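> Below is the file work-v1.txt, with compact mmCIF, C-alpha atoms.
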# COMPACT_ATOMS: atom_id res chain seq x y z
CA MET M 1 89.16 57.25 13.66
CA GLU M 2 92.26 59.14 14.80
CA LYS M 3 90.26 62.38 14.74
CA TRP M 4 87.65 61.01 17.16
CA THR M 5 90.39 59.58 19.39
CA VAL M 6 91.93 63.06 19.69
CA ILE M 7 88.56 64.68 20.33
CA SER M 8 87.71 62.04 22.95
CA SER M 9 91.06 62.54 24.68
CA ILE M 10 90.59 66.30 24.79
CA ALA M 11 87.05 65.84 26.12
CA VAL M 12 88.32 63.56 28.88
CA VAL M 13 90.98 66.12 29.87
CA PHE M 14 88.44 68.97 30.00
CA LEU M 15 85.90 66.83 31.86
CA SER M 16 88.52 65.80 34.43
CA ALA M 17 89.56 69.42 34.93
CA TRP M 18 85.92 70.52 35.23
CA LEU M 19 85.13 67.82 37.78
CA GLY M 20 88.18 68.82 39.77
CA TRP M 21 87.11 72.48 39.73
CA MET M 22 83.60 71.52 40.80
CA ASN M 23 84.80 70.13 44.10
CA TYR M 24 87.88 72.17 44.93
CA PRO M 25 88.50 74.04 47.12
CA PRO M 26 85.90 73.76 49.91
CA PRO M 27 84.43 77.07 51.07
CA PRO M 28 86.08 78.69 54.08
CA ILE M 29 84.40 78.22 57.44
CA SER M 30 82.21 81.16 58.44
CA PRO M 31 82.37 82.68 61.95
CA ILE M 32 78.98 81.26 62.94
CA VAL M 33 79.84 77.71 61.78
CA TYR M 34 83.24 78.00 63.45
CA GLN M 35 81.55 79.02 66.70
CA TRP M 36 79.07 76.14 66.50
CA LYS M 37 81.91 73.67 65.99
CA SER M 38 83.97 75.20 68.81
CA TRP M 39 81.09 74.68 71.27
CA GLY M 40 81.07 70.94 70.63
CA ASN M 41 82.94 67.85 71.76
CA TYR M 42 83.57 64.38 70.37
CA HIS M 43 82.41 61.05 71.74
CA ARG M 44 84.23 57.90 70.69
CA PHE M 45 81.81 55.31 69.35
CA ASP M 46 83.46 52.10 68.22
CA LYS M 47 86.36 53.48 66.15
CA PHE M 48 84.62 56.70 65.14
CA ASN M 49 84.39 60.23 66.56
CA VAL M 50 80.84 61.57 66.88
CA PHE M 51 80.31 65.30 67.31
CA TYR M 52 77.89 66.56 69.96
CA MET M 53 77.19 69.84 71.71
CA ASN M 54 76.05 69.70 75.32
CA LYS M 55 74.86 73.29 75.79
CA ILE M 56 74.27 74.04 79.48
CA ILE M 57 72.09 77.14 79.89
CA ASN M 58 71.09 77.03 83.57
CA GLU M 59 72.27 75.04 86.56
CA PRO M 60 71.10 72.90 88.20
CA VAL M 61 69.84 71.22 85.03
CA SER M 62 66.28 69.91 85.27
CA ASN M 63 64.90 70.40 81.76
CA THR M 64 66.82 68.94 78.80
CA LEU M 65 66.04 69.03 75.08
CA LEU M 66 67.63 66.60 72.62
CA CYS M 67 67.75 67.83 69.00
CA LEU M 68 68.15 65.31 66.17
CA HIS M 69 68.76 66.59 62.65
CA GLY M 70 67.88 65.43 59.14
CA PHE M 71 69.66 64.21 56.00
CA PRO M 72 72.06 65.40 54.65
CA THR M 73 72.80 68.29 56.98
CA SER M 74 73.68 68.53 60.68
CA SER M 75 72.82 69.86 64.12
CA PHE M 76 73.71 73.30 62.76
CA ASP M 77 70.19 73.27 61.26
CA TYR M 78 68.99 74.30 64.73
CA PHE M 79 71.22 77.31 65.26
CA LYS M 80 68.36 79.78 64.68
CA LEU M 81 66.36 78.10 67.43
CA LEU M 82 69.08 78.08 70.09
CA PRO M 83 68.31 81.62 71.38
CA HIS M 84 64.67 80.59 71.81
CA PHE M 85 65.53 77.32 73.52
CA ARG M 86 67.33 79.32 76.20
CA LYS M 87 63.95 80.65 77.37
CA ILE M 88 62.54 77.30 78.52
CA PHE M 89 65.33 74.69 78.68
CA ASP M 90 68.27 74.32 81.06
CA ARG M 91 70.24 72.18 78.65
CA VAL M 92 70.11 71.50 74.90
CA LEU M 93 71.93 68.48 73.47
CA PHE M 94 72.77 68.45 69.76
CA ILE M 95 74.23 65.38 68.04
CA ASP M 96 75.65 65.04 64.52
CA PHE M 97 74.83 61.59 63.21
CA LEU M 98 77.69 59.42 62.01
CA GLY M 99 78.37 60.33 58.38
CA MET M 100 77.00 63.86 58.75
CA GLY M 101 77.94 67.22 60.23
CA PHE M 102 81.26 67.30 62.07
CA SER M 103 81.18 63.60 62.93
CA ASP M 104 83.39 61.06 61.17
CA LYS M 105 82.20 60.04 57.70
CA PRO M 106 83.68 56.63 56.97
CA ALA M 107 83.50 55.38 53.39
CA ASP M 108 82.20 51.89 52.64
CA HIS M 109 80.36 51.86 55.96
CA ARG M 110 76.95 50.27 56.39
CA TYR M 111 74.99 53.19 57.80
CA SER M 112 71.89 52.24 59.74
CA ILE M 113 69.14 53.85 61.81
CA PHE M 114 69.85 51.22 64.46
CA GLU M 115 73.50 52.25 64.77
CA GLN M 116 72.56 55.94 64.91
CA SER M 117 70.09 55.12 67.71
CA ASP M 118 72.87 53.28 69.57
CA ILE M 119 75.04 56.40 69.27
CA VAL M 120 72.31 58.66 70.64
CA GLU M 121 71.72 56.29 73.55
CA GLU M 122 75.41 56.08 74.37
CA ILE M 123 75.98 59.85 74.39
CA ILE M 124 72.95 60.39 76.64
CA LYS M 125 74.29 57.73 79.03
CA HIS M 126 77.79 59.25 78.85
CA LEU M 127 76.38 62.64 79.94
CA GLY M 128 74.31 61.12 82.74
CA ILE M 129 71.01 62.45 81.42
CA THR M 130 68.02 60.71 83.02
CA GLN M 131 65.09 62.52 81.36
CA LEU M 132 64.63 64.67 78.30
CA HIS M 133 62.37 66.06 75.59
CA ILE M 134 63.09 65.22 71.93
CA LEU M 135 62.84 67.56 68.93
CA ALA M 136 63.60 65.76 65.67
CA HIS M 137 63.53 66.40 61.93
CA ASP M 138 63.54 64.12 58.86
CA TYR M 139 66.24 61.43 59.39
CA GLY M 140 66.10 62.29 63.09
CA ASP M 141 62.38 61.40 63.12
CA THR M 142 63.20 57.84 62.09
CA VAL M 143 65.91 57.55 64.74
CA THR M 144 63.34 58.80 67.25
CA GLN M 145 60.89 56.11 66.11
CA GLU M 146 63.51 53.44 66.82
CA ILE M 147 64.19 55.00 70.23
CA LEU M 148 60.44 54.93 70.95
CA ALA M 149 60.31 51.25 69.93
CA ARG M 150 63.12 50.50 72.37
CA PHE M 151 61.42 52.55 75.06
CA LYS M 152 58.29 50.44 74.62
CA GLU M 153 60.44 47.33 75.05
CA GLY M 154 61.90 48.69 78.28
CA LYS M 155 65.39 49.02 76.79
CA ILE M 156 65.86 52.79 77.18
CA PRO M 157 67.59 53.85 80.43
CA PHE M 158 66.20 57.39 80.45
CA GLN M 159 62.75 58.98 80.59
CA ILE M 160 61.32 60.59 77.45
CA LYS M 161 58.96 63.36 78.53
CA THR M 162 57.70 64.54 75.12
CA VAL M 163 58.51 64.09 71.44
CA THR M 164 58.16 66.70 68.69
CA LEU M 165 58.66 65.56 65.09
CA MET M 166 59.08 67.70 61.98
CA ASN M 167 58.69 66.74 58.30
CA GLY M 168 60.12 63.24 58.17
CA GLY M 169 59.24 60.03 56.35
CA ILE M 170 57.58 58.51 59.40
CA ILE M 171 54.80 57.09 57.19
CA PRO M 172 56.49 55.35 54.23
CA GLY M 173 53.31 55.42 52.15
CA ALA M 174 53.28 59.23 52.25
CA TYR M 175 57.01 59.64 51.63
CA SER M 176 58.17 60.86 48.21
CA PRO M 177 61.98 61.16 47.98
CA LEU M 178 63.48 63.43 45.34
CA ILE M 179 64.66 61.85 42.09
CA VAL M 180 68.25 62.68 43.01
CA GLN M 181 67.82 60.79 46.30
CA ARG M 182 66.61 57.71 44.43
CA ALA M 183 69.44 58.03 41.93
CA LEU M 184 72.02 58.14 44.72
CA ARG M 185 71.01 54.61 45.66
CA TRP M 186 71.99 53.33 42.18
CA PRO M 187 75.72 52.43 42.38
CA ILE M 188 76.88 53.63 38.94
CA ILE M 189 74.82 56.83 38.91
CA SER M 190 75.71 57.50 42.52
CA SER M 191 79.40 57.32 41.67
CA PHE M 192 78.91 59.86 38.88
CA LEU M 193 76.80 62.22 41.03
CA ASN M 194 79.41 62.14 43.79
CA LYS M 195 81.91 63.50 41.27
CA ILE M 196 79.83 66.35 39.87
CA VAL M 197 78.13 67.59 43.03
CA ASN M 198 79.36 71.01 44.15
CA ARG M 199 78.05 73.93 46.18
CA HIS M 200 75.78 75.13 43.37
CA PHE M 201 74.31 71.70 42.68
CA PHE M 202 73.89 71.02 46.41
CA GLY M 203 72.28 74.42 47.02
CA SER M 204 69.90 74.00 44.11
CA VAL M 205 68.68 70.61 45.38
CA LEU M 206 68.39 71.85 48.98
CA ASN M 207 66.41 74.91 47.91
CA ARG M 208 63.92 72.63 46.16
CA VAL M 209 62.65 71.33 49.49
CA PHE M 210 62.20 74.79 50.98
CA GLY M 211 58.90 76.62 50.71
CA ASP M 212 58.61 80.24 49.60
CA SER M 213 61.91 81.22 51.18
CA SER M 214 65.25 80.37 49.62
CA LEU M 215 68.68 79.91 51.14
CA THR M 216 71.09 82.77 50.58
CA HIS M 217 74.50 82.34 49.00
CA THR M 218 76.07 82.54 52.47
CA GLU M 219 73.67 79.99 53.96
CA ILE M 220 74.33 77.52 51.16
CA SER M 221 78.07 77.95 51.71
CA ASP M 222 77.63 77.22 55.43
CA PHE M 223 75.64 74.05 54.77
CA TRP M 224 78.03 72.99 52.02
CA HIS M 225 81.10 73.56 54.18
CA ILE M 226 79.71 71.18 56.81
CA VAL M 227 78.65 68.59 54.22
CA ARG M 228 81.98 68.87 52.44
CA GLU M 229 83.99 68.34 55.64
CA LYS M 230 85.63 64.89 55.67
CA ASN M 231 84.25 64.30 52.13
CA GLY M 232 80.70 63.81 53.39
CA TYR M 233 79.20 64.45 49.96
CA LYS M 234 80.83 61.25 48.70
CA ILE M 235 78.78 59.01 51.01
CA PHE M 236 75.29 60.41 50.34
CA GLY M 237 74.29 57.17 48.64
CA ASP M 238 75.41 55.06 51.63
CA LEU M 239 73.54 57.26 54.09
CA LEU M 240 70.35 56.99 52.05
CA ALA M 241 70.08 53.31 53.02
CA TYR M 242 67.54 54.62 55.54
CA MET M 243 64.99 54.86 52.72
CA GLU M 244 64.92 51.07 52.42
CA GLU M 245 65.04 50.67 56.20
CA ARG M 246 61.88 52.75 56.53
CA HIS M 247 60.02 50.20 54.42
CA ASP M 248 61.72 47.16 55.96
CA TYR M 249 60.87 48.26 59.51
CA GLU M 250 57.66 50.14 58.78
CA GLU M 251 55.57 48.03 61.15
CA ARG M 252 58.03 48.41 64.03
CA TRP M 253 58.46 52.16 63.65
CA VAL M 254 54.89 53.16 62.83
CA THR M 255 53.63 50.97 65.67
CA ALA M 256 56.05 52.76 68.00
CA LEU M 257 54.26 56.02 67.21
CA LYS M 258 50.78 54.56 67.39
CA SER M 259 51.23 52.75 70.69
CA THR M 260 53.41 55.06 72.76
CA LYS M 261 52.03 56.82 75.83
CA ILE M 262 54.57 59.61 75.45
CA PRO M 263 52.98 62.91 74.28
CA ILE M 264 53.84 63.41 70.60
CA GLN M 265 53.56 66.56 68.51
CA LEU M 266 53.99 66.88 64.75
CA ILE M 267 55.01 70.29 63.40
CA TYR M 268 54.43 70.16 59.66
CA GLY M 269 55.49 72.43 56.81
CA PRO M 270 53.06 71.56 53.96
CA ALA M 271 55.14 73.02 51.09
CA ASP M 272 57.36 69.94 51.31
CA PRO M 273 57.89 67.91 48.12
CA VAL M 274 59.37 65.02 50.13
CA ASN M 275 56.42 64.68 52.53
CA PRO M 276 53.63 66.43 50.61
CA PRO M 277 49.96 66.59 51.57
CA PRO M 278 48.04 64.43 52.33
CA PHE M 279 50.89 63.44 54.68
CA ASP M 280 49.20 65.40 57.48
CA THR M 281 45.81 63.77 57.02
CA MET M 282 47.41 60.31 56.85
CA TYR M 283 49.21 61.06 60.09
CA GLN M 284 45.96 62.12 61.75
CA SER M 285 44.21 58.95 60.62
CA LEU M 286 47.02 56.69 61.88
CA ILE M 287 47.98 58.23 65.22
CA PRO M 288 45.52 58.13 68.15
CA ASN M 289 44.72 61.62 69.49
CA PRO M 290 47.24 63.32 67.19
CA TYR M 291 48.68 66.68 68.19
CA LEU M 292 49.31 68.24 64.78
CA ASP M 293 50.55 71.77 64.13
CA ARG M 294 50.20 72.52 60.43
CA LEU M 295 52.21 75.61 59.53
CA SER M 296 51.63 78.15 56.78
CA ASP M 297 51.42 76.85 53.19
CA SER M 298 54.65 78.77 52.52
CA ILE M 299 56.73 76.57 54.85
CA GLY M 300 58.51 73.53 53.42
CA HIS M 301 60.73 70.68 54.54
CA TYR M 302 62.90 72.66 57.00
CA PRO M 303 60.35 74.42 59.24
CA HIS M 304 62.88 75.02 62.03
CA TYR M 305 65.15 76.86 59.60
CA GLU M 306 62.44 78.55 57.53
CA ALA M 307 60.25 79.72 60.43
CA PRO M 308 62.18 79.28 63.71
CA GLU M 309 60.06 81.70 65.74
CA GLU M 310 56.83 79.99 64.71
CA VAL M 311 58.24 76.52 65.35
CA PHE M 312 59.36 77.58 68.82
CA ARG M 313 55.96 79.12 69.56
CA ARG M 314 54.18 75.88 68.59
CA LEU M 315 56.64 73.80 70.59
CA ASP M 316 56.25 76.01 73.65
CA GLN M 317 52.45 75.85 73.42
CA PHE M 318 52.59 72.05 73.19
CA LEU M 319 54.86 71.77 76.23
CA GLN M 320 52.67 74.14 78.22
CA LYS M 321 49.57 72.17 77.35
CA MET M 322 51.19 68.87 78.31
CA ASN M 323 52.34 70.44 81.58
CA THR M 324 48.80 71.70 82.27
CA THR M 325 47.43 68.20 81.88
CA GLY M 326 50.01 66.88 84.34
CA ARG M 327 51.77 64.75 81.71
CA LEU M 328 55.23 66.31 82.06
Turn this file's structure into structure tokens for me.


Amino acid sequence: MEKWTVISSIAVVFLSAWLGWMNYPPPPISPIVYQWKSWGNYHRFDKFNVFYMNKIINEPVSNTLLCLHGFPTSSFDYFKLLPHFRKIFDRVLFIDFLGMGFSDKPADHRYSIFEQSDIVEEIIKHLGITQLHILAHDYGDTVTQEILARFKEGKIPFQIKTVTLMNGGIIPGAYSPLIVQRALRWPIISSFLNKIVNRHFFGSVLNRVFGDSSLTHTEISDFWHIVREKNGYKIFGDLLAYMEERHDYEERWVTALKSTKIPIQLIYGPADPVNPPPFDTMYQSLIPNPYLDRLSDSIGHYPHYEAPEEVFRRLDQFLQKMNTTGRL
């Protein structure tokens, strides 16, 4: 009995040391992430600081793009697209959702798509923006659906000119979250996963949702640095409450897509294990007159990061077509 007590004690010591090594220290900030952060500002929402970047390209501003990111990353996902955005937009607004990116990441907070939508609304109002285009991905797609529902109800104080969505669980029946995402919603397992997750574990899971391309060591470090800031990796389970919300408010959010008069485009990477085919065919059957851009079979869940030039080309074509029809 004493022998096993000693062995157990030693195992606990080694496990504690290993878990500590797994999460310490955070990777240093790279020049490109540092620059992205330095371009931003903070907006006070309730008692929290929310990071946003209001990038003015040309003045006077007449053409604004709002970019909404996915889980569990940040607005930095769009950095490869920023040089392309400069060609057609006067202003690009990036927002880090509460609990992600460089925004505050409160523990024991009830994260909600409704609150995130309130934050987006408030920042747009704060900046005095009266009309904009929306480009959204994943989690940002669901926030956009709530914004569209409010727009239909006459509760949005700005004009939405077009909406472009990318690889998000906008149709709950076609959504297939990873096992680790499901596990993070189980309190005991979530607590354990929060202790063992590190850059290697995080990078491995993130690479699973990419298509043929894989993130480099440097890219994983950049993403991990942002996630790790303010202990963001410890609240993954809380943030994933949106998975239940998607089912609870399916009728409201799917109806918002089906009934809106705003031109909507879907840019879809089919090598996506989270939203796998036949997601695209389900979307086409649900949405009246769908504008669907299906990318190469090699593109996965992060099309804007995996194929930024192609995503921009499809977006530009969509905007030109809508402008030709007099809808912009």

> Taking a cut-off of 12 Å and counting only C-alpha atoms, can you build a table that, for each residue of stretch 35-79 of chain M near stretch 158-181 of chain M, reports the nearest atom pair and how far apart they are in Å (one decimal), sorted by chain then residue number, as a tab-separated table?


residue	atom	partner	partner_atom	distance
M:Ser62	CA	M:Lys161	CA	11.9
M:Asn63	CA	M:Lys161	CA	9.8
M:Thr64	CA	M:Lys161	CA	9.6
M:Leu65	CA	M:Thr162	CA	9.5
M:Leu66	CA	M:Val163	CA	9.5
M:Cys67	CA	M:Thr164	CA	9.7
M:Leu68	CA	M:Leu165	CA	9.6
M:His69	CA	M:Met166	CA	9.8
M:Gly70	CA	M:Gly168	CA	8.1
M:Phe71	CA	M:Gly168	CA	9.8
M:Pro72	CA	M:Gln181	CA	10.4

> Between M:Arg313, M:Lys321, M:His304, M:Lys37, which one has atoms that come closest to M:Tyr291, using all atoms listed in the file?

M:Lys321

> Which residue gives the smallest distance to M:Glu245 among M:Thr281, M:Arg110, M:Tyr302, M:Asp297, with all atoms listed in the file counted?

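Using all atoms listed in the file, M:Glu245 sits closest to M:Arg110.
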
> In Å, how far is it from atom CA of M:Asp108 to atom CA of M:Arg199?

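That distance, rounded to one decimal, is 23.3 Å.
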
> List every protein, DNA or RNA residue with an atom no more than 12 Å from (87.9, 56.6, 65.1) in the file's coordinates, counting only C-alpha atoms, and format the result as a VMD selection string.

chain M and resid 42 to 51 98 103 to 106

> Hey, which of M:Thr73, M:Trp36, M:Gly300, M:His126 ends up closest to M:Phe202? Count only C-alpha atoms.

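The answer is M:Thr73, which sits nearest to M:Phe202.
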
> Could you tell me how far atom CA of M:Lys230 sits from atom CA of M:Ile29, in Å to one decimal place?

13.5 Å

> One decimal, in Å: what's the spacing between atom CA of M:Phe201 and atom CA of M:Arg228?

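It comes out at 12.7 Å.
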
> When distances are computed from all atoms listed in the file, which of M:Ile32, M:Val209, M:Leu292, M:Ile129 shows the smallest separation from M:Val274?

M:Val209

> Using all atoms listed in the file, can you tell me which of M:Gln284, M:Gln265, M:Gln131, M:Asn289 comes closest to M:Asp316?

M:Gln265

> Can you find the residues with an atom no farther than 7 Å from (74.6, 62.9, 68.8), counting all atoms listed in the file, and report them as a list in words?

Val50, Phe51, Tyr52, Phe94, Ile95, Asp96, Phe97, Ile119, Val120 and Ile123 of chain M

> May I ask which of the residues M:Ala183, M:Leu206, M:Leu315, M:Ile235 is the closest one to M:His84, counting all atoms listed in the file?

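The answer is M:Leu315, which sits nearest to M:His84.
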
> Kindly compute an axis-aligned box around the listed atoms of stretch 188-193 of chain M, allowing 8 Å on each side, and express its centre and edge lengths in Å to one decimal as lines of an AutoDock Vina configuration file.


center_x = 77.1
center_y = 57.9
center_z = 40.7
size_x = 20.6
size_y = 24.6
size_z = 19.6
